[in-house]
There are 2 protein chains.
Amino acid sequence: MFGYLASMRTTPGHRDRVIALLTGGVDGLRALGCTLYLVGASATDDDVIWVTEVWESREHHEASLSRPEVRAAIAEARPMLTGDVTSAEFTVAGGLGI
Amino acid sequence: MFGYLASMRTTPGHRDRVIALLTGGVDGLRALGCTLYLVGASATDDDVIWVTEVWESREHHEASLSRPEVRAAIAEARPMLTGDVTSAEFTVAGGLGI
């Protein structure tokens, strides 16, 4: 399974709104091949969001990004993001609750 | 809920062994308050492991680190780790599959 994790920095005061956008449409992601979509508010920086995702494959993840509802959420969030993003891709090796 | 994610660099050729140590004891973590323990092999660096964890609280996470079986796994892994570690803590805001 394909894993993706990223941090993103929001403009000050907008983290909650961006988190709401990220978590708002998650129910539809399972049908697209997503098995984990974890959104977290950094405990050490008020403007940073962490996301960890697990998908059946990289292709499932990439296909989701062209979905209208996903594109709409990204477009709405973009003005509230500074562009300061980190990301990593991994192959799921195992664990608990995946 | 308390979230923790980290990357760790292994010494060359030891990533699989360290992954086995990390994933070997996960069944016992649920009883310690862990709801997600995701171990991934970086897709872009052969020596890097990513871990994303979710715990009922920071205290549950910290208490787990003093468990004999966890200390033993850390001690066995340590010689195969370079010390190059990144980590982040977050509060779980929501998502899918958590």
# chains A, B, ... in the order shown; residues from 1 in each chain; ligands from 1

$ residues_around --residues "A:Arg67" --least-positions-apart "5" --cutoff "12 Å" --atoms "only C-alpha atoms" --output "number ranges by chain"
A: 25, 28-29, 32, 60-62, 72-74

$ residues_around --residues "B:Gly94" --least-positions-apart "6" --cutoff "7 Å" --atoms "only C-alpha atoms" --output "PyMOL selection string"
chain A and resi 23+38-39

$ closest_atom_pairs --of "chain B" --to "chain A" --cutoff "6 Å" --atoms "only C-alpha atoms" --output "Markdown table"
| residue | atom | partner | partner_atom | distance |
| --- | --- | --- | --- | --- |
| B:Thr23 | CA | A:Gly95 | CA | 5.3 |
| B:Val26 | CA | A:Leu96 | CA | 5.9 |
| B:Leu36 | CA | A:Gly97 | CA | 4.8 |
| B:Tyr37 | CA | A:Leu96 | CA | 4.8 |
| B:Leu38 | CA | A:Gly95 | CA | 4.8 |
| B:Val39 | CA | A:Gly94 | CA | 5.5 |
| B:Gly40 | CA | A:Val92 | CA | 4.4 |
| B:Ala41 | CA | A:Phe90 | CA | 5.1 |
| B:Ser42 | CA | A:Phe90 | CA | 4.1 |
| B:Ala43 | CA | A:Phe90 | CA | 4.5 |
| B:Glu89 | CA | A:Ala43 | CA | 5.4 |
| B:Phe90 | CA | A:Ser42 | CA | 4.1 |
| B:Thr91 | CA | A:Ala41 | CA | 5.1 |
| B:Val92 | CA | A:Gly40 | CA | 4.4 |
| B:Ala93 | CA | A:Gly40 | CA | 5.0 |
| B:Gly94 | CA | A:Val39 | CA | 5.4 |
| B:Gly95 | CA | A:Leu38 | CA | 4.8 |
| B:Leu96 | CA | A:Tyr37 | CA | 4.8 |
| B:Gly97 | CA | A:Leu36 | CA | 4.8 |

$ select_by_dssp --residues "chain A" --states "strand (DSSP E)" --output "PyMOL selection string"
chain A and resi 2-10+34-42+48-55+81-96

$ calpha_fit_and_write --fixed "chain A" --moving "chain B" --output "CSV table (one decimal) with N, CA, C and O atoms, in the first residue's frame"
chain,number,residue,atom,x,y,z
B,1,MET,N,0.8,-1.2,0.0
B,1,MET,CA,0.0,0.0,0.0
B,1,MET,C,0.9,1.2,0.0
B,1,MET,O,2.0,1.2,0.5
B,2,PHE,N,0.3,2.3,-0.6
B,2,PHE,CA,1.0,3.5,-0.8
B,2,PHE,C,0.7,4.5,0.4
B,2,PHE,O,-0.4,4.7,0.7
B,3,GLY,N,1.8,5.0,1.0
B,3,GLY,CA,1.7,6.0,2.0
B,3,GLY,C,2.2,7.3,1.6
B,3,GLY,O,3.1,7.5,0.9
B,4,TYR,N,1.5,8.4,2.2
B,4,TYR,CA,1.9,9.7,1.9
B,4,TYR,C,1.7,10.5,3.1
B,4,TYR,O,0.7,10.4,3.8
B,5,LEU,N,2.7,11.3,3.5
B,5,LEU,CA,2.5,12.2,4.6
B,5,LEU,C,3.0,13.6,4.2
B,5,LEU,O,4.0,13.7,3.4
B,6,ALA,N,2.4,14.6,4.8
B,6,ALA,CA,2.8,16.0,4.4
B,6,ALA,C,2.5,16.9,5.6
B,6,ALA,O,1.6,16.7,6.4
B,7,SER,N,3.3,18.0,5.6
B,7,SER,CA,2.9,19.1,6.5
B,7,SER,C,2.6,20.3,5.6
B,7,SER,O,3.2,20.4,4.5
B,8,MET,N,1.7,21.2,6.0
B,8,MET,CA,1.4,22.4,5.3
B,8,MET,C,1.2,23.5,6.3
B,8,MET,O,0.7,23.3,7.4
B,9,ARG,N,1.7,24.7,5.9
B,9,ARG,CA,1.6,25.9,6.8
B,9,ARG,C,0.4,26.7,6.3
B,9,ARG,O,0.4,27.0,5.1
B,10,THR,N,-0.5,27.1,7.2
B,10,THR,CA,-1.6,28.0,6.8
B,10,THR,C,-1.2,29.4,7.1
B,10,THR,O,-0.3,29.7,7.9
B,11,THR,N,-1.9,30.3,6.5
B,11,THR,CA,-1.8,31.7,6.9
B,11,THR,C,-2.4,31.8,8.3
B,11,THR,O,-3.3,31.1,8.7
B,12,PRO,N,-1.8,32.7,9.1
B,12,PRO,CA,-2.2,32.8,10.5
B,12,PRO,C,-3.7,32.9,10.7
B,12,PRO,O,-4.4,33.6,10.0
B,13,GLY,N,-4.3,32.1,11.6
B,13,GLY,CA,-5.7,32.2,12.0
B,13,GLY,C,-6.6,31.3,11.1
B,13,GLY,O,-7.8,31.2,11.3
B,14,HIS,N,-6.0,30.6,10.1
B,14,HIS,CA,-6.8,29.9,9.1
B,14,HIS,C,-6.7,28.4,9.3
B,14,HIS,O,-7.3,27.6,8.5
B,15,ARG,N,-6.0,27.9,10.2
B,15,ARG,CA,-5.7,26.4,10.3
B,15,ARG,C,-7.0,25.7,10.5
B,15,ARG,O,-7.3,24.7,9.8
B,16,ASP,N,-7.9,26.1,11.4
B,16,ASP,CA,-9.1,25.4,11.6
B,16,ASP,C,-10.0,25.3,10.4
B,16,ASP,O,-10.6,24.2,10.1
B,17,ARG,N,-10.0,26.4,9.6
B,17,ARG,CA,-10.8,26.3,8.4
B,17,ARG,C,-10.2,25.3,7.4
B,17,ARG,O,-11.0,24.6,6.7
B,18,VAL,N,-8.9,25.3,7.3
B,18,VAL,CA,-8.3,24.4,6.3
B,18,VAL,C,-8.5,22.9,6.8
B,18,VAL,O,-8.8,22.0,6.0
B,19,ILE,N,-8.4,22.7,8.1
B,19,ILE,CA,-8.6,21.4,8.7
B,19,ILE,C,-10.0,21.0,8.3
B,19,ILE,O,-10.3,19.8,7.9
B,20,ALA,N,-11.0,21.9,8.5
B,20,ALA,CA,-12.4,21.6,8.2
B,20,ALA,C,-12.6,21.2,6.7
B,20,ALA,O,-13.3,20.2,6.4
B,21,LEU,N,-11.8,21.8,5.8
B,21,LEU,CA,-11.9,21.5,4.4
B,21,LEU,C,-11.3,20.1,4.2
B,21,LEU,O,-11.8,19.3,3.4
B,22,LEU,N,-10.2,19.8,4.8
B,22,LEU,CA,-9.5,18.5,4.7
B,22,LEU,C,-10.4,17.3,5.2
B,22,LEU,O,-10.4,16.3,4.6
B,23,THR,N,-11.0,17.6,6.3
B,23,THR,CA,-11.8,16.5,7.0
B,23,THR,C,-13.2,16.4,6.5
B,23,THR,O,-13.9,15.4,6.7
B,24,GLY,N,-13.7,17.4,5.9
B,24,GLY,CA,-15.1,17.5,5.5
B,24,GLY,C,-15.5,16.4,4.5
B,24,GLY,O,-16.6,15.9,4.6
B,25,GLY,N,-14.6,16.1,3.5
B,25,GLY,CA,-15.1,15.1,2.5
B,25,GLY,C,-14.5,13.8,2.6
B,25,GLY,O,-14.5,12.9,1.7
B,26,VAL,N,-14.0,13.4,3.8
B,26,VAL,CA,-13.2,12.2,3.9
B,26,VAL,C,-14.1,10.9,3.7
B,26,VAL,O,-13.6,9.9,3.2
B,27,ASP,N,-15.4,11.0,4.0
B,27,ASP,CA,-16.2,9.8,3.8
B,27,ASP,C,-16.2,9.3,2.4
B,27,ASP,O,-16.2,8.0,2.2
B,28,GLY,N,-16.0,10.1,1.4
B,28,GLY,CA,-16.0,9.7,0.0
B,28,GLY,C,-14.7,9.1,-0.4
B,28,GLY,O,-14.5,8.4,-1.4
B,29,LEU,N,-13.6,9.3,0.4
B,29,LEU,CA,-12.3,8.8,0.0
B,29,LEU,C,-12.2,7.3,0.1
B,29,LEU,O,-11.4,6.7,-0.7
B,30,ARG,N,-12.9,6.7,1.0
B,30,ARG,CA,-12.8,5.2,1.1
B,30,ARG,C,-13.1,4.6,-0.3
B,30,ARG,O,-12.4,3.7,-0.7
B,31,ALA,N,-14.2,5.1,-0.9
B,31,ALA,CA,-14.6,4.5,-2.2
B,31,ALA,C,-13.5,4.7,-3.3
B,31,ALA,O,-13.5,4.0,-4.3
B,32,LEU,N,-12.6,5.7,-3.1
B,32,LEU,CA,-11.6,6.0,-4.0
B,32,LEU,C,-10.3,5.2,-3.8
B,32,LEU,O,-9.3,5.4,-4.5
B,33,GLY,N,-10.3,4.4,-2.7
B,33,GLY,CA,-9.1,3.5,-2.4
B,33,GLY,C,-8.3,4.0,-1.3
B,33,GLY,O,-7.2,3.6,-1.1
B,34,CYS,N,-8.8,4.9,-0.5
B,34,CYS,CA,-8.1,5.4,0.7
B,34,CYS,C,-8.5,4.6,1.9
B,34,CYS,O,-9.7,4.5,2.2
B,35,THR,N,-7.5,4.2,2.7
B,35,THR,CA,-7.8,3.4,3.9
B,35,THR,C,-7.5,4.2,5.1
B,35,THR,O,-7.9,3.8,6.2
B,36,LEU,N,-6.7,5.2,5.0
B,36,LEU,CA,-6.3,6.1,6.2
B,36,LEU,C,-6.1,7.5,5.7
B,36,LEU,O,-5.4,7.8,4.7
B,37,TYR,N,-6.8,8.4,6.3
B,37,TYR,CA,-6.6,9.9,6.0
B,37,TYR,C,-6.7,10.6,7.4
B,37,TYR,O,-7.7,10.8,7.9
B,38,LEU,N,-5.5,10.8,7.9
B,38,LEU,CA,-5.3,11.3,9.3
B,38,LEU,C,-4.9,12.8,9.2
B,38,LEU,O,-3.9,13.1,8.6
B,39,VAL,N,-5.7,13.7,9.8
B,39,VAL,CA,-5.4,15.1,9.8
B,39,VAL,C,-5.1,15.5,11.2
B,39,VAL,O,-5.8,15.2,12.1
B,40,GLY,N,-3.9,16.2,11.4
B,40,GLY,CA,-3.5,16.6,12.7
B,40,GLY,C,-3.1,18.1,12.8
B,40,GLY,O,-2.5,18.6,11.8
B,41,ALA,N,-3.4,18.7,13.9
B,41,ALA,CA,-2.9,20.1,14.1
B,41,ALA,C,-1.6,20.0,14.9
B,41,ALA,O,-1.6,19.4,16.0
B,42,SER,N,-0.6,20.6,14.3
B,42,SER,CA,0.7,20.5,15.0
B,42,SER,C,0.6,21.0,16.5
B,42,SER,O,-0.1,22.0,16.8
B,43,ALA,N,1.3,20.3,17.4
B,43,ALA,CA,1.2,20.6,18.8
B,43,ALA,C,2.3,21.7,19.1
B,43,ALA,O,2.3,22.2,20.2
B,44,THR,N,3.1,22.0,18.2
B,44,THR,CA,4.2,23.0,18.5
B,44,THR,C,4.2,24.2,17.6
B,44,THR,O,5.0,25.1,17.7
B,45,ASP,N,3.3,24.2,16.6
B,45,ASP,CA,3.2,25.4,15.7
B,45,ASP,C,1.7,25.6,15.3
B,45,ASP,O,1.1,24.8,14.6
B,46,ASP,N,1.2,26.8,15.7
B,46,ASP,CA,-0.3,27.0,15.5
B,46,ASP,C,-0.7,27.1,14.0
B,46,ASP,O,-1.9,27.1,13.8
B,47,ASP,N,0.2,27.2,13.1
B,47,ASP,CA,-0.2,27.3,11.7
B,47,ASP,C,0.1,26.1,10.9
B,47,ASP,O,0.0,26.1,9.6
B,48,VAL,N,0.5,25.0,11.5
B,48,VAL,CA,0.9,23.8,10.7
B,48,VAL,C,-0.1,22.7,10.9
B,48,VAL,O,-0.5,22.4,12.0
B,49,ILE,N,-0.3,22.0,9.8
B,49,ILE,CA,-1.2,20.8,9.7
B,49,ILE,C,-0.4,19.7,9.2
B,49,ILE,O,0.4,19.8,8.3
B,50,TRP,N,-0.6,18.5,9.8
B,50,TRP,CA,0.1,17.3,9.4
B,50,TRP,C,-1.0,16.4,8.8
B,50,TRP,O,-2.1,16.2,9.4
B,51,VAL,N,-0.7,15.7,7.7
B,51,VAL,CA,-1.6,14.8,7.1
B,51,VAL,C,-0.9,13.5,6.8
B,51,VAL,O,0.2,13.5,6.3
B,52,THR,N,-1.4,12.4,7.2
B,52,THR,CA,-0.9,11.0,6.9
B,52,THR,C,-1.9,10.3,6.1
B,52,THR,O,-3.1,10.2,6.6
B,53,GLU,N,-1.6,9.7,5.0
B,53,GLU,CA,-2.6,9.0,4.2
B,53,GLU,C,-2.1,7.7,3.8
B,53,GLU,O,-0.9,7.5,3.6
B,54,VAL,N,-3.0,6.7,3.7
B,54,VAL,CA,-2.7,5.4,3.1
B,54,VAL,C,-3.7,5.1,2.0
B,54,VAL,O,-4.9,5.2,2.2
B,55,TRP,N,-3.2,4.7,0.8
B,55,TRP,CA,-4.0,4.4,-0.3
B,55,TRP,C,-3.6,3.0,-0.9
B,55,TRP,O,-2.5,2.5,-0.6
B,56,GLU,N,-4.6,2.4,-1.6
B,56,GLU,CA,-4.3,1.1,-2.2
B,56,GLU,C,-3.1,1.1,-3.1
B,56,GLU,O,-2.4,0.2,-3.2
B,57,SER,N,-2.9,2.3,-3.8
B,57,SER,CA,-1.7,2.4,-4.6
B,57,SER,C,-1.5,3.9,-4.9
B,57,SER,O,-2.4,4.8,-4.6
B,58,ARG,N,-0.3,4.2,-5.4
B,58,ARG,CA,0.0,5.6,-5.8
B,58,ARG,C,-1.1,6.1,-6.8
B,58,ARG,O,-1.5,7.2,-6.8
B,59,GLU,N,-1.4,5.2,-7.7
B,59,GLU,CA,-2.4,5.6,-8.8
B,59,GLU,C,-3.7,6.0,-8.2
B,59,GLU,O,-4.4,7.0,-8.6
B,60,HIS,N,-4.2,5.2,-7.1
B,60,HIS,CA,-5.4,5.6,-6.5
B,60,HIS,C,-5.3,7.0,-5.9
B,60,HIS,O,-6.2,7.8,-6.0
B,61,HIS,N,-4.2,7.3,-5.3
B,61,HIS,CA,-4.0,8.6,-4.7
B,61,HIS,C,-4.0,9.7,-5.7
B,61,HIS,O,-4.7,10.7,-5.6
B,62,GLU,N,-3.2,9.5,-6.8
B,62,GLU,CA,-3.2,10.5,-7.9
B,62,GLU,C,-4.5,10.7,-8.5
B,62,GLU,O,-4.9,11.9,-8.8
B,63,ALA,N,-5.3,9.6,-8.7
B,63,ALA,CA,-6.6,9.8,-9.3
B,63,ALA,C,-7.5,10.6,-8.5
B,63,ALA,O,-8.3,11.4,-9.0
B,64,SER,N,-7.4,10.5,-7.1
B,64,SER,CA,-8.3,11.2,-6.2
B,64,SER,C,-8.1,12.7,-6.4
B,64,SER,O,-9.0,13.5,-6.2
B,65,LEU,N,-6.9,13.1,-6.8
B,65,LEU,CA,-6.6,14.6,-6.9
B,65,LEU,C,-7.3,15.2,-8.0
B,65,LEU,O,-7.4,16.5,-8.1
B,66,SER,N,-7.8,14.4,-9.0
B,66,SER,CA,-8.5,15.0,-10.1
B,66,SER,C,-10.0,15.0,-9.9
B,66,SER,O,-10.8,15.4,-10.8
B,67,ARG,N,-10.5,14.5,-8.8
B,67,ARG,CA,-11.9,14.4,-8.5
B,67,ARG,C,-12.4,15.9,-8.3
B,67,ARG,O,-11.8,16.7,-7.6
B,68,PRO,N,-13.6,16.2,-8.8
B,68,PRO,CA,-14.1,17.6,-8.7
B,68,PRO,C,-14.2,18.0,-7.2
B,68,PRO,O,-13.8,19.2,-6.9
B,69,GLU,N,-14.7,17.2,-6.3
B,69,GLU,CA,-14.8,17.6,-5.0
B,69,GLU,C,-13.5,17.8,-4.3
B,69,GLU,O,-13.3,18.7,-3.4
B,70,VAL,N,-12.5,17.1,-4.7
B,70,VAL,CA,-11.1,17.2,-4.1
B,70,VAL,C,-10.5,18.5,-4.7
B,70,VAL,O,-9.9,19.3,-3.9
B,71,ARG,N,-10.6,18.7,-6.0
B,71,ARG,CA,-10.1,19.9,-6.6
B,71,ARG,C,-10.8,21.2,-6.0
B,71,ARG,O,-10.1,22.2,-5.7
B,72,ALA,N,-12.1,21.1,-5.7
B,72,ALA,CA,-12.8,22.2,-5.1
B,72,ALA,C,-12.3,22.6,-3.7
B,72,ALA,O,-12.0,23.7,-3.4
B,73,ALA,N,-12.0,21.5,-2.9
B,73,ALA,CA,-11.5,21.7,-1.6
B,73,ALA,C,-10.1,22.3,-1.6
B,73,ALA,O,-9.8,23.3,-0.9
B,74,ILE,N,-9.3,21.8,-2.5
B,74,ILE,CA,-7.9,22.3,-2.7
B,74,ILE,C,-8.0,23.8,-3.1
B,74,ILE,O,-7.2,24.7,-2.6
B,75,ALA,N,-8.8,24.1,-4.1
B,75,ALA,CA,-8.9,25.5,-4.6
B,75,ALA,C,-9.4,26.4,-3.4
B,75,ALA,O,-8.9,27.6,-3.3
B,76,GLU,N,-10.3,26.0,-2.6
B,76,GLU,CA,-10.8,26.8,-1.5
B,76,GLU,C,-9.7,27.0,-0.4
B,76,GLU,O,-9.6,28.1,0.2
B,77,ALA,N,-8.9,26.0,-0.2
B,77,ALA,CA,-7.9,26.0,0.8
B,77,ALA,C,-6.7,26.8,0.3
B,77,ALA,O,-6.0,27.5,1.2
B,78,ARG,N,-6.4,26.8,-0.9
B,78,ARG,CA,-5.1,27.4,-1.4
B,78,ARG,C,-4.8,28.8,-0.9
B,78,ARG,O,-3.7,29.1,-0.5
B,79,PRO,N,-5.8,29.7,-0.9
B,79,PRO,CA,-5.5,31.1,-0.5
B,79,PRO,C,-5.1,31.2,1.0
B,79,PRO,O,-4.6,32.2,1.5
B,80,MET,N,-5.4,30.1,1.7
B,80,MET,CA,-5.1,30.1,3.2
B,80,MET,C,-3.9,29.3,3.5
B,80,MET,O,-3.6,28.9,4.6
B,81,LEU,N,-3.1,28.9,2.4
B,81,LEU,CA,-1.9,28.2,2.6
B,81,LEU,C,-0.7,29.0,2.1
B,81,LEU,O,-0.8,29.8,1.1
B,82,THR,N,0.4,29.0,2.8
B,82,THR,CA,1.6,29.8,2.5
B,82,THR,C,2.4,29.2,1.4
B,82,THR,O,3.3,29.8,0.8
B,83,GLY,N,2.2,27.9,1.1
B,83,GLY,CA,3.0,27.2,0.1
B,83,GLY,C,4.2,26.5,0.8
B,83,GLY,O,4.9,25.7,0.1
B,84,ASP,N,4.4,26.7,2.1
B,84,ASP,CA,5.4,26.0,2.8
B,84,ASP,C,4.9,24.6,3.2
B,84,ASP,O,4.1,24.4,4.1
B,85,VAL,N,5.3,23.6,2.3
B,85,VAL,CA,4.9,22.2,2.4
B,85,VAL,C,6.1,21.3,2.5
B,85,VAL,O,7.1,21.6,1.8
B,86,THR,N,6.0,20.3,3.3
B,86,THR,CA,6.9,19.2,3.2
B,86,THR,C,6.1,17.9,2.9
B,86,THR,O,4.9,17.8,3.3
B,87,SER,N,6.7,17.0,2.3
B,87,SER,CA,6.0,15.7,2.0
B,87,SER,C,7.0,14.5,1.9
B,87,SER,O,8.2,14.7,1.7
B,88,ALA,N,6.4,13.4,2.1
B,88,ALA,CA,7.2,12.1,1.9
B,88,ALA,C,6.3,11.0,1.5
B,88,ALA,O,5.1,11.0,1.8
B,89,GLU,N,6.8,10.1,0.7
B,89,GLU,CA,6.1,9.0,0.2
B,89,GLU,C,6.7,7.7,0.8
B,89,GLU,O,7.9,7.7,0.9
B,90,PHE,N,5.9,6.7,1.1
B,90,PHE,CA,6.4,5.5,1.7
B,90,PHE,C,5.6,4.3,1.3
B,90,PHE,O,4.4,4.5,0.9
B,91,THR,N,6.2,3.2,1.4
B,91,THR,CA,5.5,1.9,1.2
B,91,THR,C,5.1,1.4,2.6
B,91,THR,O,6.0,1.3,3.5
B,92,VAL,N,3.8,1.1,2.8
B,92,VAL,CA,3.4,0.6,4.1
B,92,VAL,C,4.0,-0.7,4.4
B,92,VAL,O,4.0,-1.7,3.6
B,93,ALA,N,4.7,-0.8,5.6
B,93,ALA,CA,5.4,-2.0,6.0
B,93,ALA,C,4.7,-2.8,7.0
B,93,ALA,O,4.9,-4.0,7.2
B,94,GLY,N,3.8,-2.2,7.7
B,94,GLY,CA,3.0,-2.9,8.7
B,94,GLY,C,2.6,-2.0,9.8
B,94,GLY,O,2.8,-0.8,9.8
B,95,GLY,N,2.0,-2.6,10.9
B,95,GLY,CA,1.7,-1.8,12.0
B,95,GLY,C,0.4,-2.2,12.6
B,95,GLY,O,-0.1,-3.3,12.4
B,96,LEU,N,-0.3,-1.3,13.3
B,96,LEU,CA,-1.6,-1.5,14.0
B,96,LEU,C,-2.6,-0.5,13.5
B,96,LEU,O,-2.3,0.7,13.3
B,97,GLY,N,-3.8,-1.0,13.3
B,97,GLY,CA,-4.9,-0.1,12.9
B,97,GLY,C,-4.9,0.4,11.5
B,97,GLY,O,-5.5,1.4,11.2
B,98,ILE,N,-4.2,-0.2,10.6
B,98,ILE,CA,-4.1,0.3,9.3
B,98,ILE,C,-5.2,-0.3,8.4
B,98,ILE,O,-5.4,-1.5,8.5

$ select_by_dssp --residues "chain A" --states "alpha helix (DSSP H)" --output "list in words"
Arg15, Asp16, Arg17, Val18, Ile19, Ala20, Leu21, Leu22, Thr23, Gly24, Arg58, Glu59, His60, His61, Glu62, Ala63, Ser64, Pro68, Glu69, Val70, Arg71, Ala72, Ala73, Ile74, Ala75, Glu76 and Ala77 of chain A

$ decode --residues "stretch 14-77 of chain B" --atoms "C-alpha atoms" --output "PDB file, in the first residue's frame"
ATOM      1  CA  HIS B  14      19.440  -2.577   8.096  1.00  0.00           C
ATOM      2  CA  ARG B  15      16.084  -0.983   7.289  1.00  0.00           C
ATOM      3  CA  ASP B  16      14.195  -4.262   6.989  1.00  0.00           C
ATOM      4  CA  ARG B  17      15.526  -5.496  10.314  1.00  0.00           C
ATOM      5  CA  VAL B  18      14.530  -2.287  12.099  1.00  0.00           C
ATOM      6  CA  ILE B  19      11.104  -2.378  10.445  1.00  0.00           C
ATOM      7  CA  ALA B  20      10.687  -5.945  11.723  1.00  0.00           C
ATOM      8  CA  LEU B  21      11.524  -4.738  15.236  1.00  0.00           C
ATOM      9  CA  LEU B  22       9.031  -1.873  14.993  1.00  0.00           C
ATOM     10  CA  THR B  23       6.188  -4.004  13.622  1.00  0.00           C
ATOM     11  CA  GLY B  24       6.949  -7.149  15.627  1.00  0.00           C
ATOM     12  CA  GLY B  25       5.316  -6.082  18.900  1.00  0.00           C
ATOM     13  CA  VAL B  26       2.449  -3.940  17.651  1.00  0.00           C
ATOM     14  CA  ASP B  27      -0.315  -6.261  18.833  1.00  0.00           C
ATOM     15  CA  GLY B  28       0.463  -5.349  22.430  1.00  0.00           C
ATOM     16  CA  LEU B  29       0.273  -1.608  21.756  1.00  0.00           C
ATOM     17  CA  ARG B  30      -3.522  -1.500  21.537  1.00  0.00           C
ATOM     18  CA  ALA B  31      -3.794  -2.452  25.195  1.00  0.00           C
ATOM     19  CA  LEU B  32      -1.404   0.425  26.015  1.00  0.00           C
ATOM     20  CA  GLY B  33      -3.709   2.995  24.365  1.00  0.00           C
ATOM     21  CA  CYS B  34      -2.360   3.033  20.846  1.00  0.00           C
ATOM     22  CA  THR B  35      -4.976   3.173  18.074  1.00  0.00           C
ATOM     23  CA  LEU B  36      -2.631   3.606  15.083  1.00  0.00           C
ATOM     24  CA  TYR B  37       0.948   2.522  14.592  1.00  0.00           C
ATOM     25  CA  LEU B  38       1.892   2.883  10.930  1.00  0.00           C
ATOM     26  CA  VAL B  39       5.371   1.908   9.780  1.00  0.00           C
ATOM     27  CA  GLY B  40       6.504   2.813   6.287  1.00  0.00           C
ATOM     28  CA  ALA B  41       9.635   2.397   4.186  1.00  0.00           C
ATOM     29  CA  SER B  42      10.517   5.659   2.442  1.00  0.00           C
ATOM     30  CA  ALA B  43       9.870   5.440  -1.286  1.00  0.00           C
ATOM     31  CA  THR B  44      12.717   7.848  -2.045  1.00  0.00           C
ATOM     32  CA  ASP B  45      15.476   6.841   0.412  1.00  0.00           C
ATOM     33  CA  ASP B  46      16.449   3.206   1.038  1.00  0.00           C
ATOM     34  CA  ASP B  47      17.611   3.905   4.597  1.00  0.00           C
ATOM     35  CA  VAL B  48      14.639   5.909   5.925  1.00  0.00           C
ATOM     36  CA  ILE B  49      11.641   4.674   7.897  1.00  0.00           C
ATOM     37  CA  TRP B  50       8.524   6.724   8.600  1.00  0.00           C
ATOM     38  CA  VAL B  51       6.307   6.051  11.610  1.00  0.00           C
ATOM     39  CA  THR B  52       2.933   7.657  12.312  1.00  0.00           C
ATOM     40  CA  GLU B  53       1.276   6.898  15.632  1.00  0.00           C
ATOM     41  CA  VAL B  54      -2.005   7.833  17.341  1.00  0.00           C
ATOM     42  CA  TRP B  55      -2.444   7.372  21.084  1.00  0.00           C
ATOM     43  CA  GLU B  56      -5.270   8.101  23.508  1.00  0.00           C
ATOM     44  CA  SER B  57      -2.970  10.730  25.073  1.00  0.00           C
ATOM     45  CA  ARG B  58       0.646  11.895  25.227  1.00  0.00           C
ATOM     46  CA  GLU B  59       0.864  10.174  28.613  1.00  0.00           C
ATOM     47  CA  HIS B  60      -0.163   6.822  27.089  1.00  0.00           C
ATOM     48  CA  HIS B  61       2.571   7.260  24.479  1.00  0.00           C
ATOM     49  CA  GLU B  62       5.232   8.174  27.032  1.00  0.00           C
ATOM     50  CA  ALA B  63       4.237   5.319  29.342  1.00  0.00           C
ATOM     51  CA  SER B  64       4.659   2.838  26.487  1.00  0.00           C
ATOM     52  CA  LEU B  65       8.306   3.846  26.107  1.00  0.00           C
ATOM     53  CA  SER B  66       9.128   2.498  29.552  1.00  0.00           C
ATOM     54  CA  ARG B  67       7.614  -0.922  28.869  1.00  0.00           C
ATOM     55  CA  PRO B  68      10.257  -3.709  28.967  1.00  0.00           C
ATOM     56  CA  GLU B  69       9.336  -5.073  25.543  1.00  0.00           C
ATOM     57  CA  VAL B  70       9.467  -1.596  23.984  1.00  0.00           C
ATOM     58  CA  ARG B  71      12.776  -0.764  25.670  1.00  0.00           C
ATOM     59  CA  ALA B  72      14.188  -4.097  24.437  1.00  0.00           C
ATOM     60  CA  ALA B  73      13.151  -3.372  20.842  1.00  0.00           C
ATOM     61  CA  ILE B  74      14.628   0.148  21.006  1.00  0.00           C
ATOM     62  CA  ALA B  75      17.883  -1.206  22.455  1.00  0.00           C
ATOM     63  CA  GLU B  76      18.129  -3.813  19.686  1.00  0.00           C
ATOM     64  CA  ALA B  77      17.390  -1.229  16.990  1.00  0.00           C
TER      65      ALA B  77
END
